[in-house]
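Enquirer: Pasting a structure below so you can have a look.
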Amino acid sequence: MQAIWTEPFIVRTWDVDRNNRLSPASLFNFFQEAAGNHATELGVGKDTLLRNNQAWILSRMSAMLYRRPGWGETITVRTWPRGTEKLFAIRDYDIIDGFGSTIAQGRSAWLLVDVEKLRPLRPQALTEHLPANTDMPAIQDSVQALPKRQELQSAGSRRAAYSDIDYNGHVNNARYIQWIQDMLDESVLDGANKFRLDINYLAEIRPQETISLWKSTIPLQEAANDGNTPFTPFEITELWAFEGKHIDTDQSSFRAELRCGA
């Protein structure tokens, strides 16, 4: 049993943007791949859980990127379990580049779900025998519920298509990040050498469901005074808020906030 999972990856052409820098969605893909592989090695992976009609569902994620590596770079992704917080199983991450520098860190909160009854289960029955790694916090705050922003403006809609859907039959968690990227003017991510992205996954999106998309830039002074500013170890130059809603029910499917740094 490996307390910390270590996995090297090469940054491929499809992982970078037009400026040859790792995209936010690709960062989430790397974290997702390493987490799944480690869960399998620990005996709590997808196939093992499905035999008991259970599944891990990603509920919240926070990720920070301090340098955006380019095509061809070899990076090392590390991930480890961090115990539980109420109904959430917590998992942390970081990425080490070829020079030995930490260029990314993250934290995720997962729900253990009964796939037949569609209700959450207490994860402690699975996590109590796993390494807790209490002395290795990747980031300095918990993954919190994001506030509902009232000032968002319409950014169009997306229908969940073939390439959005994963093996669980719903939109993959990293695909939400692609949708967020596509809501922004290219200049925003062009100018972001660093960023922190927080997302809450609130309701699954099934094939062919249509989601209305909403976004807004948030004044930095307003954000500093609202009591919801997370730990961010760089100067924030822009803050954006996003929300997706099921177009038929107006139910929120996700909320996210992006903090950019130069």
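Every chain in the structure tokens has a letter given in the order shown (A, B, ...), and although residue numbers restart at 1 in each chain, ligands are simply numbered from 1 in the order shown.
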Determine, using only C-alpha atoms, which residues of segment 8-29 of chain A have any atom at most 10 Å from an atom of segment 77-92 of chain A, and tabulate each with its shortest atom pair and distance in Å to one decimal place, rows ordered by chain and then rising number, as JSON lines.
Expert:
```
{"residue": "A:Pro8", "atom": "CA", "partner": "A:Val77", "partner_atom": "CA", "distance": 6.1}
{"residue": "A:Phe9", "atom": "CA", "partner": "A:Val77", "partner_atom": "CA", "distance": 7.4}
{"residue": "A:Leu27", "atom": "CA", "partner": "A:Val77", "partner_atom": "CA", "distance": 9.9}
```
Enquirer: May I have the residues within 12 Å of Pro207 of chain A as an MDAnalysis selection string, using only C-alpha atoms and disregarding those fewer than 5 positions away in the same chain?
Expert: chainID A and resid 158:172
Enquirer: Export N, CA and C atoms of the chosen residues as a PDB file, in the first residue's frame?
Expert:
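Done, and the output landed in selection-v8.pdb:
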```
ATOM      1  N   ARG A 158     -24.640  24.971 -23.272  1.00  0.00           N
ATOM      2  CA  ARG A 158     -23.941  23.805 -23.829  1.00  0.00           C
ATOM      3  C   ARG A 158     -24.837  22.595 -23.671  1.00  0.00           C
ATOM      4  N   ARG A 159     -24.872  21.781 -24.707  1.00  0.00           N
ATOM      5  CA  ARG A 159     -25.552  20.497 -24.619  1.00  0.00           C
ATOM      6  C   ARG A 159     -24.495  19.418 -24.391  1.00  0.00           C
ATOM      7  N   ALA A 160     -24.716  18.565 -23.412  1.00  0.00           N
ATOM      8  CA  ALA A 160     -23.759  17.507 -23.108  1.00  0.00           C
ATOM      9  C   ALA A 160     -23.692  16.524 -24.276  1.00  0.00           C
ATOM     10  N   ALA A 161     -22.555  16.503 -24.963  1.00  0.00           N
ATOM     11  CA  ALA A 161     -22.384  15.708 -26.177  1.00  0.00           C
ATOM     12  C   ALA A 161     -21.522  14.475 -25.901  1.00  0.00           C
ATOM     13  N   TYR A 162     -21.320  13.676 -26.944  1.00  0.00           N
ATOM     14  CA  TYR A 162     -20.594  12.403 -26.828  1.00  0.00           C
ATOM     15  C   TYR A 162     -19.253  12.568 -26.123  1.00  0.00           C
ATOM     16  N   SER A 163     -18.449  13.571 -26.532  1.00  0.00           N
ATOM     17  CA  SER A 163     -17.099  13.711 -25.996  1.00  0.00           C
ATOM     18  C   SER A 163     -17.071  14.236 -24.571  1.00  0.00           C
ATOM     19  N   ASP A 164     -18.201  14.699 -24.052  1.00  0.00           N
ATOM     20  CA  ASP A 164     -18.272  15.191 -22.673  1.00  0.00           C
ATOM     21  C   ASP A 164     -18.468  14.073 -21.656  1.00  0.00           C
ATOM     22  N   ILE A 165     -18.951  12.918 -22.091  1.00  0.00           N
ATOM     23  CA  ILE A 165     -19.454  11.889 -21.170  1.00  0.00           C
ATOM     24  C   ILE A 165     -18.357  10.882 -20.838  1.00  0.00           C
ATOM     25  N   ASP A 166     -18.258  10.519 -19.552  1.00  0.00           N
ATOM     26  CA  ASP A 166     -17.267   9.540 -19.130  1.00  0.00           C
ATOM     27  C   ASP A 166     -17.915   8.193 -18.846  1.00  0.00           C
ATOM     28  N   TYR A 167     -17.148   7.262 -18.289  1.00  0.00           N
ATOM     29  CA  TYR A 167     -17.650   5.900 -18.081  1.00  0.00           C
ATOM     30  C   TYR A 167     -18.733   5.823 -17.015  1.00  0.00           C
ATOM     31  N   ASN A 168     -18.930   6.880 -16.250  1.00  0.00           N
ATOM     32  CA  ASN A 168     -20.027   6.910 -15.289  1.00  0.00           C
ATOM     33  C   ASN A 168     -21.341   7.353 -15.923  1.00  0.00           C
ATOM     34  N   GLY A 169     -21.302   7.721 -17.204  1.00  0.00           N
ATOM     35  CA  GLY A 169     -22.523   8.101 -17.907  1.00  0.00           C
ATOM     36  C   GLY A 169     -22.942   9.538 -17.705  1.00  0.00           C
ATOM     37  N   HIS A 170     -22.022  10.379 -17.183  1.00  0.00           N
ATOM     38  CA  HIS A 170     -22.335  11.797 -17.044  1.00  0.00           C
ATOM     39  C   HIS A 170     -21.117  12.631 -17.451  1.00  0.00           C
ATOM     40  N   VAL A 171     -21.288  13.946 -17.497  1.00  0.00           N
ATOM     41  CA  VAL A 171     -20.198  14.810 -17.926  1.00  0.00           C
ATOM     42  C   VAL A 171     -19.011  14.657 -16.982  1.00  0.00           C
ATOM     43  N   ASN A 172     -17.834  14.430 -17.557  1.00  0.00           N
ATOM     44  CA  ASN A 172     -16.616  14.241 -16.786  1.00  0.00           C
ATOM     45  C   ASN A 172     -16.219  15.522 -16.070  1.00  0.00           C
TER      46      ASN A 172
END
```
Enquirer: Quick one, how far is atom CA of Asp135 of chain A from atom CA of Ala55 of chain A?
Expert: 27.4 Å
Enquirer: Counting only C-alpha atoms, which residues in segment 85-112 of chain A sit no more than 10 Å from segment 65-72 of chain A? For each one, give the nearest pair of atoms and the distance in Å, sorted by chain then residue number, as JSON lines.
Expert:
```
{"residue": "A:Asp94", "atom": "CA", "partner": "A:Leu65", "partner_atom": "CA", "distance": 9.4}
{"residue": "A:Ile95", "atom": "CA", "partner": "A:Leu65", "partner_atom": "CA", "distance": 8.9}
{"residue": "A:Asp97", "atom": "CA", "partner": "A:Pro69", "partner_atom": "CA", "distance": 8.0}
{"residue": "A:Gly98", "atom": "CA", "partner": "A:Pro69", "partner_atom": "CA", "distance": 9.9}
{"residue": "A:Ser101", "atom": "CA", "partner": "A:Arg67", "partner_atom": "CA", "distance": 9.6}
{"residue": "A:Thr102", "atom": "CA", "partner": "A:Tyr66", "partner_atom": "CA", "distance": 8.0}
{"residue": "A:Ile103", "atom": "CA", "partner": "A:Tyr66", "partner_atom": "CA", "distance": 5.0}
{"residue": "A:Ala104", "atom": "CA", "partner": "A:Leu65", "partner_atom": "CA", "distance": 4.3}
{"residue": "A:Gln105", "atom": "CA", "partner": "A:Leu65", "partner_atom": "CA", "distance": 6.7}
{"residue": "A:Gly106", "atom": "CA", "partner": "A:Leu65", "partner_atom": "CA", "distance": 8.7}
```
Enquirer: Would you please work out which residue, of A:Lys148, A:Arg119, A:Arg175, A:His38, is nearest to Ile205 of chain A when using only C-alpha atoms?
Expert: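 Between A:Lys148, A:Arg119, A:Arg175, A:His38, the residue approaching Ile205 of chain A most closely is A:Arg175.
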Enquirer: Which value, in Å to one decimal, gives the distance between atom CA of Ala192 of chain A and atom CA of Ala262 of chain A?
Expert: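 Between these atoms lies a distance of 5.3 Å.
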Enquirer: From the DSSP assignment of the backbone, select every residue of segment 25-152 of chain A that is alpha helix (DSSP H), and format the answer as a list in words.
Expert: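 Taking segment 25-152 of chain A and keeping alpha helix (DSSP H) only, one gets Ala25, Ser26, Leu27, Phe28, Asn29, Phe30, Phe31, Gln32, Glu33, Ala34, Ala35, Gly36, Asn37, His38, Ala39, Thr40, Glu41, Lys46, Asp47, Thr48, Leu49, Leu50, Gln124, Ala125, Leu126 and Thr127 of chain A.
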Enquirer: May I have the residues from that selection written out with N, CA and C atoms, as an mmCIF file, in the first residue's frame?
Expert:
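Output (again.cif):
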```cif
data_model
loop_
_atom_site.group_PDB
_atom_site.id
_atom_site.type_symbol
_atom_site.label_atom_id
_atom_site.label_comp_id
_atom_site.auth_asym_id
_atom_site.auth_seq_id
_atom_site.Cartn_x
_atom_site.Cartn_y
_atom_site.Cartn_z
ATOM 1 N N ALA A 25 -7.962 22.719 -17.775
ATOM 2 C CA ALA A 25 -8.621 21.421 -17.893
ATOM 3 C C ALA A 25 -7.618 20.279 -17.873
ATOM 4 N N SER A 26 -6.451 20.489 -18.479
ATOM 5 C CA SER A 26 -5.433 19.437 -18.480
ATOM 6 C C SER A 26 -4.884 19.194 -17.085
ATOM 7 N N LEU A 27 -4.766 20.265 -16.290
ATOM 8 C CA LEU A 27 -4.351 20.085 -14.897
ATOM 9 C C LEU A 27 -5.319 19.169 -14.172
ATOM 10 N N PHE A 28 -6.615 19.383 -14.352
ATOM 11 C CA PHE A 28 -7.625 18.535 -13.728
ATOM 12 C C PHE A 28 -7.543 17.104 -14.259
ATOM 13 N N ASN A 29 -7.235 16.937 -15.540
ATOM 14 C CA ASN A 29 -7.093 15.597 -16.101
ATOM 15 C C ASN A 29 -5.955 14.832 -15.446
ATOM 16 N N PHE A 30 -4.817 15.500 -15.241
ATOM 17 C CA PHE A 30 -3.682 14.837 -14.593
ATOM 18 C C PHE A 30 -4.040 14.427 -13.163
ATOM 19 N N PHE A 31 -4.668 15.329 -12.415
ATOM 20 C CA PHE A 31 -5.066 14.991 -11.052
ATOM 21 C C PHE A 31 -6.048 13.817 -11.042
ATOM 22 N N GLN A 32 -7.012 13.843 -11.977
ATOM 23 C CA GLN A 32 -8.027 12.792 -12.035
ATOM 24 C C GLN A 32 -7.402 11.429 -12.327
ATOM 25 N N GLU A 33 -6.466 11.390 -13.272
ATOM 26 C CA GLU A 33 -5.837 10.124 -13.652
ATOM 27 C C GLU A 33 -5.049 9.536 -12.486
ATOM 28 N N ALA A 34 -4.251 10.369 -11.824
ATOM 29 C CA ALA A 34 -3.448 9.874 -10.708
ATOM 30 C C ALA A 34 -4.325 9.416 -9.548
ATOM 31 N N ALA A 35 -5.398 10.165 -9.265
ATOM 32 C CA ALA A 35 -6.294 9.785 -8.168
ATOM 33 C C ALA A 35 -6.932 8.430 -8.422
ATOM 34 N N GLY A 36 -7.391 8.206 -9.652
ATOM 35 C CA GLY A 36 -8.013 6.922 -9.973
ATOM 36 C C GLY A 36 -7.034 5.767 -9.852
ATOM 37 N N ASN A 37 -5.809 5.975 -10.309
ATOM 38 C CA ASN A 37 -4.803 4.914 -10.225
ATOM 39 C C ASN A 37 -4.445 4.607 -8.774
ATOM 40 N N HIS A 38 -4.359 5.647 -7.947
ATOM 41 C CA HIS A 38 -4.024 5.405 -6.545
ATOM 42 C C HIS A 38 -5.170 4.703 -5.821
ATOM 43 N N ALA A 39 -6.399 5.115 -6.092
ATOM 44 C CA ALA A 39 -7.539 4.453 -5.460
ATOM 45 C C ALA A 39 -7.552 2.966 -5.792
ATOM 46 N N THR A 40 -7.242 2.633 -7.044
ATOM 47 C CA THR A 40 -7.188 1.223 -7.434
ATOM 48 C C THR A 40 -6.107 0.482 -6.657
ATOM 49 N N GLU A 41 -4.932 1.104 -6.542
ATOM 50 C CA GLU A 41 -3.828 0.475 -5.818
ATOM 51 C C GLU A 41 -4.158 0.293 -4.348
ATOM 52 N N LYS A 46 -12.589 2.047 -8.797
ATOM 53 C CA LYS A 46 -13.891 1.988 -9.453
ATOM 54 C C LYS A 46 -14.455 0.572 -9.505
ATOM 55 N N ASP A 47 -13.682 -0.376 -10.005
ATOM 56 C CA ASP A 47 -14.207 -1.727 -10.198
ATOM 57 C C ASP A 47 -14.551 -2.397 -8.874
ATOM 58 N N THR A 48 -13.711 -2.206 -7.868
ATOM 59 C CA THR A 48 -13.978 -2.797 -6.557
ATOM 60 C C THR A 48 -15.270 -2.242 -5.968
ATOM 61 N N LEU A 49 -15.462 -0.934 -6.067
ATOM 62 C CA LEU A 49 -16.653 -0.319 -5.503
ATOM 63 C C LEU A 49 -17.914 -0.740 -6.243
ATOM 64 N N LEU A 50 -17.823 -0.851 -7.560
ATOM 65 C CA LEU A 50 -19.019 -1.199 -8.336
ATOM 66 C C LEU A 50 -19.556 -2.577 -7.972
ATOM 67 N N GLN A 124 -16.141 6.487 5.902
ATOM 68 C CA GLN A 124 -15.158 6.004 6.872
ATOM 69 C C GLN A 124 -14.944 4.488 6.798
ATOM 70 N N ALA A 125 -15.978 3.757 6.390
ATOM 71 C CA ALA A 125 -15.827 2.304 6.299
ATOM 72 C C ALA A 125 -14.743 1.916 5.297
ATOM 73 N N LEU A 126 -14.534 2.763 4.284
ATOM 74 C CA LEU A 126 -13.496 2.494 3.283
ATOM 75 C C LEU A 126 -12.185 3.202 3.613
ATOM 76 N N THR A 127 -12.266 4.363 4.243
ATOM 77 C CA THR A 127 -11.065 5.175 4.419
ATOM 78 C C THR A 127 -10.326 4.922 5.718
#
```
Enquirer: Could you give me the residues within segment 33-193 of chain A that DSSP places in strand (DSSP E), as a VMD selection string?
Expert: chain A and resid 54 to 65 74 to 85 88 to 96 102 to 114 119 to 121 153 to 159
